[in-house]
Each structure stands twice: as structure tokens, then as C-alpha cells.
$ cat entry-v3.cif   # mmCIF, N, CA and C atoms
data_data
#
loop_
_atom_site.label_atom_id
_atom_site.label_comp_id
_atom_site.auth_asym_id
_atom_site.auth_seq_id
_atom_site.Cartn_x
_atom_site.Cartn_y
_atom_site.Cartn_z
N MET A 1 11.50 2.68 -8.57
CA MET A 1 10.94 2.80 -7.26
C MET A 1 10.89 1.42 -6.64
N LYS A 2 11.30 1.33 -5.40
CA LYS A 2 11.27 0.05 -4.70
C LYS A 2 9.87 -0.24 -4.21
N GLU A 3 9.48 -1.46 -4.34
CA GLU A 3 8.16 -1.89 -3.90
C GLU A 3 8.12 -2.00 -2.39
N ILE A 4 7.00 -1.64 -1.80
CA ILE A 4 6.83 -1.78 -0.35
C ILE A 4 6.56 -3.25 -0.06
N LYS A 5 7.39 -3.83 0.77
CA LYS A 5 7.16 -5.21 1.20
C LYS A 5 6.85 -5.18 2.68
N ARG A 6 5.88 -5.96 3.08
CA ARG A 6 5.43 -5.96 4.46
C ARG A 6 5.72 -7.29 5.13
N PRO A 7 6.78 -7.35 5.95
CA PRO A 7 7.01 -8.59 6.70
C PRO A 7 5.86 -8.80 7.68
N GLN A 8 5.52 -10.04 7.94
CA GLN A 8 4.43 -10.34 8.85
C GLN A 8 4.79 -9.91 10.26
N ARG A 9 3.79 -9.44 11.00
CA ARG A 9 4.03 -9.02 12.37
C ARG A 9 4.35 -10.23 13.24
N GLY A 10 5.19 -9.98 14.24
CA GLY A 10 5.51 -11.05 15.18
C GLY A 10 6.68 -11.90 14.74
N LEU A 11 7.13 -11.79 13.51
CA LEU A 11 8.28 -12.56 13.06
C LEU A 11 9.54 -11.74 13.26
N HIS A 12 10.66 -12.42 13.51
CA HIS A 12 11.92 -11.69 13.64
C HIS A 12 12.32 -11.12 12.28
N GLN A 13 13.05 -10.03 12.30
CA GLN A 13 13.48 -9.39 11.05
C GLN A 13 14.55 -10.26 10.39
N PRO A 14 14.45 -10.48 9.08
CA PRO A 14 15.46 -11.28 8.40
C PRO A 14 16.78 -10.52 8.34
N THR A 15 17.88 -11.26 8.41
CA THR A 15 19.19 -10.62 8.27
C THR A 15 19.77 -10.88 6.89
N ARG A 16 19.48 -12.03 6.29
CA ARG A 16 19.95 -12.36 4.95
C ARG A 16 18.93 -11.85 3.95
N CYS A 17 19.39 -11.21 2.87
CA CYS A 17 18.50 -10.64 1.86
C CYS A 17 17.68 -11.73 1.19
N THR A 18 16.37 -11.52 1.13
CA THR A 18 15.47 -12.48 0.49
C THR A 18 15.44 -12.30 -1.02
N ASN A 19 16.02 -11.20 -1.51
CA ASN A 19 16.03 -10.94 -2.95
C ASN A 19 17.26 -11.55 -3.62
N CYS A 20 18.46 -11.20 -3.14
CA CYS A 20 19.69 -11.68 -3.78
C CYS A 20 20.33 -12.85 -3.04
N ASN A 21 19.94 -13.04 -1.78
CA ASN A 21 20.47 -14.10 -0.93
C ASN A 21 21.99 -14.01 -0.77
N MET A 22 22.53 -12.81 -0.99
CA MET A 22 23.97 -12.62 -0.85
C MET A 22 24.31 -11.58 0.23
N GLY A 23 23.52 -10.54 0.31
CA GLY A 23 23.79 -9.48 1.26
C GLY A 23 23.02 -9.65 2.55
N ASN A 24 23.26 -8.74 3.46
CA ASN A 24 22.55 -8.71 4.74
C ASN A 24 21.80 -7.40 4.87
N TYR A 25 20.68 -7.44 5.58
CA TYR A 25 19.88 -6.24 5.80
C TYR A 25 20.50 -5.41 6.93
N LYS A 26 20.50 -4.11 6.72
CA LYS A 26 20.93 -3.14 7.74
C LYS A 26 19.82 -2.13 7.92
N LYS A 27 19.60 -1.67 9.17
CA LYS A 27 18.59 -0.65 9.43
C LYS A 27 19.11 0.69 8.91
N LYS A 28 18.26 1.39 8.14
CA LYS A 28 18.62 2.69 7.59
C LYS A 28 17.36 3.54 7.44
N LYS A 29 17.55 4.85 7.39
CA LYS A 29 16.49 5.78 6.99
C LYS A 29 16.54 5.82 5.46
N VAL A 30 15.40 5.56 4.82
CA VAL A 30 15.35 5.44 3.36
C VAL A 30 14.43 6.52 2.78
N PRO A 31 14.92 7.33 1.83
CA PRO A 31 14.01 8.27 1.16
C PRO A 31 13.05 7.48 0.29
N TYR A 32 11.76 7.84 0.32
CA TYR A 32 10.76 7.13 -0.47
C TYR A 32 10.21 8.08 -1.53
N ILE A 33 10.39 7.71 -2.80
CA ILE A 33 9.93 8.51 -3.93
C ILE A 33 8.71 7.82 -4.54
N PHE A 34 7.62 8.57 -4.72
CA PHE A 34 6.40 8.04 -5.32
C PHE A 34 5.97 9.00 -6.42
N LEU A 35 5.86 8.50 -7.64
CA LEU A 35 5.50 9.31 -8.80
C LEU A 35 6.39 10.55 -8.91
N GLY A 36 7.68 10.36 -8.62
CA GLY A 36 8.65 11.44 -8.76
C GLY A 36 8.67 12.43 -7.61
N GLU A 37 7.87 12.23 -6.59
CA GLU A 37 7.85 13.14 -5.45
C GLU A 37 8.43 12.45 -4.22
N ASN A 38 9.30 13.19 -3.50
CA ASN A 38 9.88 12.66 -2.28
C ASN A 38 8.83 12.71 -1.18
N ILE A 39 8.44 11.55 -0.69
CA ILE A 39 7.41 11.44 0.32
C ILE A 39 8.01 11.63 1.72
N GLY A 40 9.29 11.37 1.86
CA GLY A 40 9.97 11.51 3.15
C GLY A 40 10.96 10.39 3.34
N SER A 41 11.65 10.39 4.48
CA SER A 41 12.59 9.32 4.82
C SER A 41 11.95 8.44 5.89
N PHE A 42 12.07 7.14 5.70
CA PHE A 42 11.41 6.18 6.58
C PHE A 42 12.39 5.09 7.01
N ALA A 43 12.20 4.57 8.21
CA ALA A 43 13.03 3.49 8.72
C ALA A 43 12.75 2.21 7.94
N GLY A 44 13.80 1.58 7.47
CA GLY A 44 13.64 0.34 6.72
C GLY A 44 14.86 -0.53 6.86
N LEU A 45 14.79 -1.70 6.27
CA LEU A 45 15.92 -2.61 6.20
C LEU A 45 16.40 -2.61 4.76
N VAL A 46 17.70 -2.35 4.55
CA VAL A 46 18.25 -2.25 3.21
C VAL A 46 19.38 -3.27 3.06
N CYS A 47 19.33 -4.05 1.96
CA CYS A 47 20.38 -5.02 1.68
C CYS A 47 21.66 -4.29 1.29
N ASN A 48 22.78 -4.66 1.90
CA ASN A 48 24.05 -4.00 1.59
C ASN A 48 24.66 -4.50 0.28
N HIS A 49 24.02 -5.47 -0.37
CA HIS A 49 24.53 -5.98 -1.65
C HIS A 49 23.70 -5.48 -2.84
N CYS A 50 22.39 -5.68 -2.79
CA CYS A 50 21.55 -5.35 -3.95
C CYS A 50 20.65 -4.12 -3.74
N GLY A 51 20.55 -3.62 -2.50
CA GLY A 51 19.73 -2.45 -2.24
C GLY A 51 18.26 -2.74 -2.00
N GLU A 52 17.85 -3.99 -2.01
CA GLU A 52 16.46 -4.36 -1.70
C GLU A 52 16.04 -3.71 -0.39
N THR A 53 14.85 -3.13 -0.36
CA THR A 53 14.39 -2.41 0.82
C THR A 53 13.10 -3.03 1.35
N LEU A 54 13.06 -3.23 2.66
CA LEU A 54 11.86 -3.74 3.33
C LEU A 54 11.39 -2.72 4.35
N PHE A 55 10.07 -2.54 4.43
CA PHE A 55 9.47 -1.69 5.45
C PHE A 55 8.53 -2.56 6.26
N ASP A 56 8.46 -2.30 7.58
CA ASP A 56 7.49 -3.07 8.37
C ASP A 56 6.09 -2.49 8.15
N SER A 57 5.10 -3.15 8.68
CA SER A 57 3.70 -2.78 8.43
C SER A 57 3.38 -1.36 8.86
N ALA A 58 3.87 -0.96 10.02
CA ALA A 58 3.56 0.38 10.53
C ALA A 58 4.16 1.45 9.61
N VAL A 59 5.38 1.25 9.15
CA VAL A 59 6.03 2.21 8.26
C VAL A 59 5.31 2.23 6.91
N SER A 60 4.96 1.06 6.39
CA SER A 60 4.21 0.98 5.13
C SER A 60 2.89 1.73 5.23
N ASP A 61 2.22 1.60 6.37
CA ASP A 61 0.96 2.31 6.58
C ASP A 61 1.17 3.82 6.60
N SER A 62 2.26 4.28 7.22
CA SER A 62 2.50 5.72 7.27
C SER A 62 2.90 6.26 5.89
N ILE A 63 3.63 5.47 5.10
CA ILE A 63 3.96 5.88 3.72
C ILE A 63 2.67 6.01 2.92
N GLU A 64 1.82 4.99 3.01
CA GLU A 64 0.55 4.99 2.28
C GLU A 64 -0.32 6.18 2.70
N SER A 65 -0.37 6.48 3.99
CA SER A 65 -1.16 7.62 4.47
C SER A 65 -0.65 8.94 3.90
N GLU A 66 0.68 9.11 3.87
CA GLU A 66 1.26 10.35 3.35
C GLU A 66 1.00 10.49 1.85
N VAL A 67 1.11 9.39 1.10
CA VAL A 67 0.84 9.41 -0.34
C VAL A 67 -0.62 9.79 -0.58
N LYS A 68 -1.53 9.23 0.20
CA LYS A 68 -2.95 9.56 0.07
C LYS A 68 -3.22 11.01 0.45
N ARG A 69 -2.56 11.49 1.53
CA ARG A 69 -2.74 12.87 1.98
C ARG A 69 -2.34 13.86 0.89
N ARG A 70 -1.31 13.51 0.12
CA ARG A 70 -0.83 14.39 -0.95
C ARG A 70 -1.64 14.25 -2.24
N GLY A 71 -2.61 13.35 -2.25
CA GLY A 71 -3.46 13.18 -3.42
C GLY A 71 -2.81 12.42 -4.56
N LEU A 72 -1.78 11.63 -4.24
CA LEU A 72 -1.07 10.88 -5.27
C LEU A 72 -1.58 9.45 -5.41
N TRP A 73 -2.38 9.03 -4.47
CA TRP A 73 -2.90 7.65 -4.47
C TRP A 73 -4.06 7.55 -5.45
N GLY A 74 -4.08 6.51 -6.23
CA GLY A 74 -5.22 6.23 -7.10
C GLY A 74 -5.29 7.09 -8.35
N LEU A 75 -4.17 7.55 -8.87
CA LEU A 75 -4.19 8.36 -10.09
C LEU A 75 -4.41 7.51 -11.34
N ARG A 76 -4.20 6.22 -11.23
CA ARG A 76 -4.47 5.33 -12.37
C ARG A 76 -5.97 5.34 -12.62
N ALA A 77 -6.35 5.45 -13.88
CA ALA A 77 -7.78 5.53 -14.19
C ALA A 77 -8.10 4.86 -15.52
N ARG A 78 -9.30 4.39 -15.63
CA ARG A 78 -9.82 3.84 -16.87
C ARG A 78 -10.43 4.99 -17.67
N THR A 79 -10.23 4.99 -18.97
CA THR A 79 -10.78 6.05 -19.80
C THR A 79 -11.25 5.47 -21.12
N LYS A 80 -11.86 6.29 -21.95
CA LYS A 80 -12.37 5.85 -23.24
C LYS A 80 -11.69 6.60 -24.37
N ILE A 81 -11.68 5.97 -25.51
CA ILE A 81 -11.17 6.61 -26.71
C ILE A 81 -12.37 7.15 -27.48
N ALA A 82 -12.27 8.41 -27.88
CA ALA A 82 -13.35 9.06 -28.62
C ALA A 82 -12.90 9.31 -30.05
N GLU A 83 -13.88 9.46 -30.94
CA GLU A 83 -13.57 9.76 -32.34
C GLU A 83 -13.89 11.23 -32.60
N VAL A 84 -12.91 11.92 -33.18
CA VAL A 84 -13.07 13.33 -33.54
C VAL A 84 -12.62 13.47 -34.98
N GLY A 85 -13.56 13.62 -35.89
CA GLY A 85 -13.23 13.66 -37.31
C GLY A 85 -12.64 12.34 -37.74
N ASN A 86 -11.45 12.38 -38.34
CA ASN A 86 -10.77 11.16 -38.78
C ASN A 86 -9.76 10.66 -37.76
N ALA A 87 -9.69 11.29 -36.60
CA ALA A 87 -8.70 10.92 -35.58
C ALA A 87 -9.39 10.35 -34.35
N LEU A 88 -8.60 9.74 -33.50
CA LEU A 88 -9.09 9.25 -32.21
C LEU A 88 -8.47 10.11 -31.12
N ASP A 89 -9.24 10.39 -30.08
CA ASP A 89 -8.77 11.14 -28.92
C ASP A 89 -8.77 10.23 -27.71
N VAL A 90 -7.76 10.39 -26.86
CA VAL A 90 -7.74 9.70 -25.58
C VAL A 90 -8.14 10.72 -24.53
N ARG A 91 -9.16 10.40 -23.79
CA ARG A 91 -9.63 11.31 -22.73
C ARG A 91 -8.79 11.08 -21.48
N ILE A 92 -8.27 12.16 -20.95
CA ILE A 92 -7.43 12.08 -19.75
C ILE A 92 -8.27 12.57 -18.56
N PRO A 93 -8.44 11.73 -17.54
CA PRO A 93 -9.24 12.12 -16.38
C PRO A 93 -8.69 13.38 -15.69
N LYS A 94 -9.59 14.13 -15.08
CA LYS A 94 -9.25 15.40 -14.45
C LYS A 94 -8.13 15.26 -13.41
N SER A 95 -8.13 14.19 -12.63
CA SER A 95 -7.09 14.01 -11.60
C SER A 95 -5.70 13.93 -12.23
N LEU A 96 -5.59 13.27 -13.39
CA LEU A 96 -4.30 13.21 -14.09
C LEU A 96 -3.96 14.54 -14.75
N VAL A 97 -4.95 15.23 -15.28
CA VAL A 97 -4.74 16.55 -15.88
C VAL A 97 -4.14 17.48 -14.84
N GLN A 98 -4.70 17.47 -13.64
CA GLN A 98 -4.20 18.33 -12.56
C GLN A 98 -2.81 17.92 -12.13
N PHE A 99 -2.57 16.61 -11.96
CA PHE A 99 -1.27 16.13 -11.52
C PHE A 99 -0.18 16.49 -12.53
N LEU A 100 -0.48 16.37 -13.82
CA LEU A 100 0.49 16.65 -14.88
C LEU A 100 0.50 18.12 -15.30
N SER A 101 -0.39 18.92 -14.73
CA SER A 101 -0.53 20.35 -15.06
C SER A 101 -0.75 20.56 -16.56
N LEU A 102 -1.64 19.76 -17.14
CA LEU A 102 -1.95 19.87 -18.57
C LEU A 102 -2.92 21.01 -18.82
N LYS A 103 -2.78 21.64 -19.98
CA LYS A 103 -3.68 22.72 -20.40
C LYS A 103 -4.24 22.40 -21.77
N LYS A 104 -5.44 22.85 -22.03
CA LYS A 104 -6.07 22.67 -23.34
C LYS A 104 -5.19 23.32 -24.41
N GLY A 105 -4.94 22.58 -25.49
CA GLY A 105 -4.12 23.09 -26.59
C GLY A 105 -2.62 22.85 -26.41
N GLN A 106 -2.22 22.38 -25.25
CA GLN A 106 -0.80 22.11 -24.99
C GLN A 106 -0.33 20.94 -25.84
N GLU A 107 0.88 21.06 -26.40
CA GLU A 107 1.43 19.96 -27.19
C GLU A 107 2.14 18.97 -26.27
N ILE A 108 1.94 17.70 -26.58
CA ILE A 108 2.60 16.60 -25.87
C ILE A 108 3.16 15.64 -26.90
N ILE A 109 4.01 14.73 -26.46
CA ILE A 109 4.53 13.68 -27.33
C ILE A 109 3.87 12.37 -26.92
N VAL A 110 3.34 11.66 -27.89
CA VAL A 110 2.73 10.36 -27.65
C VAL A 110 3.53 9.33 -28.42
N GLU A 111 4.00 8.29 -27.70
CA GLU A 111 4.77 7.24 -28.37
C GLU A 111 4.42 5.88 -27.79
N PRO A 112 4.45 4.86 -28.63
CA PRO A 112 4.17 3.51 -28.13
C PRO A 112 5.38 2.94 -27.39
N ILE A 113 5.09 2.24 -26.31
CA ILE A 113 6.14 1.49 -25.58
C ILE A 113 6.18 0.07 -26.16
N ASP A 114 5.02 -0.51 -26.36
CA ASP A 114 4.85 -1.78 -27.06
C ASP A 114 3.42 -1.79 -27.57
N ARG A 115 2.90 -2.93 -27.98
CA ARG A 115 1.56 -2.98 -28.57
C ARG A 115 0.44 -2.74 -27.55
N ASN A 116 0.77 -2.76 -26.26
CA ASN A 116 -0.24 -2.56 -25.23
C ASN A 116 0.00 -1.36 -24.33
N LYS A 117 1.05 -0.59 -24.59
CA LYS A 117 1.37 0.54 -23.73
C LYS A 117 1.67 1.78 -24.55
N LEU A 118 1.12 2.89 -24.09
CA LEU A 118 1.30 4.17 -24.73
C LEU A 118 1.90 5.12 -23.71
N GLN A 119 2.91 5.87 -24.10
CA GLN A 119 3.55 6.82 -23.19
C GLN A 119 3.25 8.24 -23.65
N ILE A 120 2.93 9.08 -22.71
CA ILE A 120 2.69 10.50 -22.98
C ILE A 120 3.82 11.28 -22.31
N ILE A 121 4.49 12.11 -23.08
CA ILE A 121 5.59 12.92 -22.55
C ILE A 121 5.15 14.38 -22.56
N VAL A 122 5.18 15.00 -21.40
CA VAL A 122 4.81 16.40 -21.26
C VAL A 122 6.11 17.20 -21.21
N GLU A 123 6.25 18.13 -22.16
CA GLU A 123 7.49 18.94 -22.19
C GLU A 123 7.24 20.33 -21.67
#
$ encode --input "entry-v3.cif" --output "C-alpha cells"
Amino acid sequence: MKEIKRPQRGLHQPTRCTNCNMGNYKKKKVPYIFLGENIGSFAGLVCNHCGETLFDSAVSDSIESEVKRRGLWGLRARTKIAEVGNALDVRIPKSLVQFLSLKKGQEIIVEPIDRNKLQIIVE
């Protein structure tokens, strides 16, 4: 997913890509995907070399509003690890349970990404 970058208001739009410094920006309608959901197509500047995408402040605000309207904003949450018998349980907040459509007793795959990241795969 491309990060939303907000050029400052009142400045002219850059033509040379600030990411690769090789391509030029062209105005395009860009589909915006957030957490795997298509939020819509928005006007942006796209580098013809590396694909770097820039949105102005007004477009960024409308993307953010649509993501919030769909309830996708702020799904990251802090949780606690509980002890159940000889095992540890990770408590998943209700907002994530609903987003992932998890059910009690459902099997999932849990695997480490590295020593600080854990991935949950819902099949």
C-alpha cells in the first residue's frame, strides 16, 4: 500500500519524482486500497518511473474520511496475554474480531515473523 503524502498547500506541484528522482509525476485517478479493501479512486500524482503516488491535502482528507466511515480506521489495538492452564492466550479486541470475522473455536495459524512480530492467518 502506498503511503499518503501531503504536499504543503500553496506550493507548486513537483514534476520530478521525489522518491526515485528519475521519473516525472503525471496526474491520474488512483485506486486506494486500505486493509485489503478498495476505498475508491482518487486524483493523485503518480511517478511514471517508480509508481510513487502523492495526494494533496484535500484528497488525503477525503480518503481518511472514507476509511473512518467504513470503520477501518484505528483497528490497531493494545492487548494483553493471559495464562490458561499451561498455555498463553492472546486476547483479540472485539473490533479486530469483527473485521476478521473470527468465531469462537475457529482454527487459525499463528507464526512468528521475527522476534517482535506475530502473524495470524485466518483460513
$ closest_atom_pairs --input "entry-v3.cif" --of "segment 18-84 of chain A" --to "segment 97-106 of chain A" --cutoff "9 Å" --atoms "only C-alpha atoms" --output "CSV"
residue,atom,partner,partner_atom,distance
A:Gly71,CA,A:Phe99,CA,8.9
A:Leu72,CA,A:Phe99,CA,8.2
A:Leu75,CA,A:Phe99,CA,8.4
$ atom_distance --input "entry-v3.cif" --atom1 "atom CA of Leu96 of chain A" --atom2 "atom C of Ile121 of chain A"
12.7 Å
$ closest_residue --input "entry-v3.cif" --among "A:Ile109, A:Val59, A:Ile92, A:Val30" --to "Phe42 of chain A" --atoms "only N, CA and C atoms"
A:Val30
$ residues_near_point --input "entry-v3.cif" --point "(22.3, -2.1, 4.3)" --cutoff "7 Å" --atoms "all atoms listed in the file" --output "list in words"
Asn24, Tyr25, Lys26, Lys27, Lys28, Leu45, Val46, Cys47, Asn48 and His49 of chain A
$ select_by_dssp --input "entry-v3.cif" --residues "segment 27-110 of chain A" --states "strand (DSSP E)" --output "PyMOL selection string"
chain A and resi 27-34+37-47+53-54+81-84+87-90+108-110
$ atom_distance --input "entry-v3.cif" --atom1 "atom N of Ile113 of chain A" --atom2 "atom N of Pro93 of chain A"
18.7 Å
$ atom_distance --input "entry-v3.cif" --atom1 "atom N of Ala82 of chain A" --atom2 "atom C of Pro112 of chain A"
18.5 Å
$ residues_around --input "entry-v3.cif" --residues "Cys20 of chain A" --least-positions-apart "2" --cutoff "9 Å" --atoms "only C-alpha atoms" --output "tab-separated table (two decimals) with N, CA and C atoms, keeping the file's coordinate frame"
chain	number	residue	atom	x	y	z
A	16	ARG	N	19.48	-12.03	6.29
A	16	ARG	CA	19.95	-12.36	4.95
A	16	ARG	C	18.93	-11.85	3.95
A	17	CYS	N	19.39	-11.21	2.87
A	17	CYS	CA	18.50	-10.64	1.86
A	17	CYS	C	17.68	-11.73	1.19
A	18	THR	N	16.37	-11.52	1.13
A	18	THR	CA	15.47	-12.48	0.49
A	18	THR	C	15.44	-12.30	-1.02
A	22	MET	N	22.53	-12.81	-0.99
A	22	MET	CA	23.97	-12.62	-0.85
A	22	MET	C	24.31	-11.58	0.23
A	23	GLY	N	23.52	-10.54	0.31
A	23	GLY	CA	23.79	-9.48	1.26
A	23	GLY	C	23.02	-9.65	2.55
A	47	CYS	N	19.33	-4.05	1.96
A	47	CYS	CA	20.38	-5.02	1.68
A	47	CYS	C	21.66	-4.29	1.29
A	49	HIS	N	24.02	-5.47	-0.37
A	49	HIS	CA	24.53	-5.98	-1.65
A	49	HIS	C	23.70	-5.48	-2.84
A	50	CYS	N	22.39	-5.68	-2.79
A	50	CYS	CA	21.55	-5.35	-3.95
A	50	CYS	C	20.65	-4.12	-3.74
A	52	GLU	N	17.85	-3.99	-2.01
A	52	GLU	CA	16.46	-4.36	-1.70
A	52	GLU	C	16.04	-3.71	-0.39
$ residues_around --input "entry-v3.cif" --residues "Glu66 of chain A" --least-positions-apart "6" --cutoff "12 Å" --atoms "only C-alpha atoms" --output "MDAnalysis selection string"
chainID A and resid 32:34 37:42 59:60 72:73
$ select_by_dssp --input "entry-v3.cif" --residues "chain A" --states "helix (DSSP H, G or I)" --output "PDB file with N, CA and C atoms, keeping the file's coordinate frame"
ATOM      1  N   SER A  57       5.100  -3.150   8.680  1.00  0.00           N
ATOM      2  CA  SER A  57       3.700  -2.780   8.430  1.00  0.00           C
ATOM      3  C   SER A  57       3.380  -1.360   8.860  1.00  0.00           C
ATOM      4  N   ALA A  58       3.870  -0.960  10.020  1.00  0.00           N
ATOM      5  CA  ALA A  58       3.560   0.380  10.530  1.00  0.00           C
ATOM      6  C   ALA A  58       4.160   1.450   9.610  1.00  0.00           C
ATOM      7  N   VAL A  59       5.380   1.250   9.150  1.00  0.00           N
ATOM      8  CA  VAL A  59       6.030   2.210   8.260  1.00  0.00           C
ATOM      9  C   VAL A  59       5.310   2.230   6.910  1.00  0.00           C
ATOM     10  N   SER A  60       4.960   1.060   6.390  1.00  0.00           N
ATOM     11  CA  SER A  60       4.210   0.980   5.130  1.00  0.00           C
ATOM     12  C   SER A  60       2.890   1.730   5.230  1.00  0.00           C
ATOM     13  N   ASP A  61       2.220   1.600   6.370  1.00  0.00           N
ATOM     14  CA  ASP A  61       0.960   2.310   6.580  1.00  0.00           C
ATOM     15  C   ASP A  61       1.170   3.820   6.600  1.00  0.00           C
ATOM     16  N   SER A  62       2.260   4.280   7.220  1.00  0.00           N
ATOM     17  CA  SER A  62       2.500   5.720   7.270  1.00  0.00           C
ATOM     18  C   SER A  62       2.900   6.260   5.890  1.00  0.00           C
ATOM     19  N   ILE A  63       3.630   5.470   5.100  1.00  0.00           N
ATOM     20  CA  ILE A  63       3.960   5.880   3.720  1.00  0.00           C
ATOM     21  C   ILE A  63       2.670   6.010   2.920  1.00  0.00           C
ATOM     22  N   GLU A  64       1.820   4.990   3.010  1.00  0.00           N
ATOM     23  CA  GLU A  64       0.550   4.990   2.280  1.00  0.00           C
ATOM     24  C   GLU A  64      -0.320   6.180   2.700  1.00  0.00           C
ATOM     25  N   SER A  65      -0.370   6.480   3.990  1.00  0.00           N
ATOM     26  CA  SER A  65      -1.160   7.620   4.470  1.00  0.00           C
ATOM     27  C   SER A  65      -0.650   8.940   3.900  1.00  0.00           C
ATOM     28  N   GLU A  66       0.680   9.110   3.870  1.00  0.00           N
ATOM     29  CA  GLU A  66       1.260  10.350   3.350  1.00  0.00           C
ATOM     30  C   GLU A  66       1.000  10.490   1.850  1.00  0.00           C
ATOM     31  N   VAL A  67       1.110   9.390   1.100  1.00  0.00           N
ATOM     32  CA  VAL A  67       0.840   9.410  -0.340  1.00  0.00           C
ATOM     33  C   VAL A  67      -0.620   9.790  -0.580  1.00  0.00           C
ATOM     34  N   LYS A  68      -1.530   9.230   0.200  1.00  0.00           N
ATOM     35  CA  LYS A  68      -2.950   9.560   0.070  1.00  0.00           C
ATOM     36  C   LYS A  68      -3.220  11.010   0.450  1.00  0.00           C
ATOM     37  N   ARG A  69      -2.560  11.490   1.530  1.00  0.00           N
ATOM     38  CA  ARG A  69      -2.740  12.870   1.980  1.00  0.00           C
ATOM     39  C   ARG A  69      -2.340  13.860   0.890  1.00  0.00           C
ATOM     40  N   LYS A  94      -9.590  14.130 -15.080  1.00  0.00           N
ATOM     41  CA  LYS A  94      -9.250  15.400 -14.450  1.00  0.00           C
ATOM     42  C   LYS A  94      -8.130  15.260 -13.410  1.00  0.00           C
ATOM     43  N   SER A  95      -8.130  14.190 -12.630  1.00  0.00           N
ATOM     44  CA  SER A  95      -7.090  14.010 -11.600  1.00  0.00           C
ATOM     45  C   SER A  95      -5.700  13.930 -12.230  1.00  0.00           C
ATOM     46  N   LEU A  96      -5.590  13.270 -13.390  1.00  0.00           N
ATOM     47  CA  LEU A  96      -4.300  13.210 -14.090  1.00  0.00           C
ATOM     48  C   LEU A  96      -3.960  14.540 -14.750  1.00  0.00           C
ATOM     49  N   VAL A  97      -4.950  15.230 -15.280  1.00  0.00           N
ATOM     50  CA  VAL A  97      -4.740  16.550 -15.880  1.00  0.00           C
ATOM     51  C   VAL A  97      -4.140  17.480 -14.840  1.00  0.00           C
ATOM     52  N   GLN A  98      -4.700  17.470 -13.640  1.00  0.00           N
ATOM     53  CA  GLN A  98      -4.200  18.330 -12.560  1.00  0.00           C
ATOM     54  C   GLN A  98      -2.810  17.920 -12.130  1.00  0.00           C
ATOM     55  N   PHE A  99      -2.570  16.610 -11.960  1.00  0.00           N
ATOM     56  CA  PHE A  99      -1.270  16.130 -11.520  1.00  0.00           C
ATOM     57  C   PHE A  99      -0.180  16.490 -12.530  1.00  0.00           C
ATOM     58  N   LEU A 100      -0.480  16.370 -13.820  1.00  0.00           N
ATOM     59  CA  LEU A 100       0.490  16.650 -14.880  1.00  0.00           C
ATOM     60  C   LEU A 100       0.500  18.120 -15.300  1.00  0.00           C
TER      61      LEU A 100
END
$ resolve_selection --input "entry-v3.cif" --expression "the PyMOL selection byres (((chain A and resi 91 and name CA) around 7) and name CA)" --output "MDAnalysis selection string"
chainID A and resid 79:81 89:90 92:93
$ decode --input "entry-v3.cif" --residues "segment 20-35 of chain A" --atoms "N, CA and C atoms" --output "short mmCIF file (atom, residue, chain, number, x, y, z; two decimals), in the first residue's frame"
data_model
loop_
_atom_site.label_atom_id
_atom_site.label_comp_id
_atom_site.auth_asym_id
_atom_site.auth_seq_id
_atom_site.Cartn_x
_atom_site.Cartn_y
_atom_site.Cartn_z
N CYS A 20 12.38 8.56 -6.56
CA CYS A 20 13.43 7.96 -7.38
C CYS A 20 14.30 9.00 -8.09
N ASN A 21 13.80 10.23 -8.18
CA ASN A 21 14.49 11.32 -8.85
C ASN A 21 14.81 11.01 -10.31
N MET A 22 14.05 10.08 -10.89
CA MET A 22 14.26 9.71 -12.29
C MET A 22 13.02 9.97 -13.15
N GLY A 23 11.86 9.71 -12.59
CA GLY A 23 10.63 9.87 -13.35
C GLY A 23 9.98 11.21 -13.10
N ASN A 24 8.88 11.43 -13.79
CA ASN A 24 8.09 12.65 -13.63
C ASN A 24 6.69 12.28 -13.17
N TYR A 25 6.08 13.18 -12.41
CA TYR A 25 4.72 12.95 -11.93
C TYR A 25 3.71 13.28 -13.02
N LYS A 26 2.70 12.45 -13.12
CA LYS A 26 1.58 12.67 -14.04
C LYS A 26 0.30 12.59 -13.22
N LYS A 27 -0.69 13.43 -13.56
CA LYS A 27 -1.98 13.39 -12.87
C LYS A 27 -2.74 12.14 -13.33
N LYS A 28 -3.26 11.38 -12.35
CA LYS A 28 -4.01 10.16 -12.64
C LYS A 28 -5.05 9.94 -11.56
N LYS A 29 -6.08 9.17 -11.89
CA LYS A 29 -7.01 8.65 -10.89
C LYS A 29 -6.37 7.37 -10.36
N VAL A 30 -6.22 7.27 -9.04
CA VAL A 30 -5.50 6.16 -8.42
C VAL A 30 -6.44 5.38 -7.51
N PRO A 31 -6.57 4.05 -7.70
CA PRO A 31 -7.35 3.27 -6.74
C PRO A 31 -6.60 3.21 -5.42
N TYR A 32 -7.31 3.39 -4.31
CA TYR A 32 -6.67 3.37 -2.99
C TYR A 32 -7.18 2.16 -2.22
N ILE A 33 -6.26 1.27 -1.85
CA ILE A 33 -6.59 0.06 -1.11
C ILE A 33 -6.11 0.23 0.33
N PHE A 34 -7.00 -0.01 1.29
CA PHE A 34 -6.66 0.09 2.71
C PHE A 34 -7.13 -1.19 3.40
N LEU A 35 -6.21 -1.89 4.03
CA LEU A 35 -6.50 -3.17 4.69
C LEU A 35 -7.24 -4.13 3.75
#
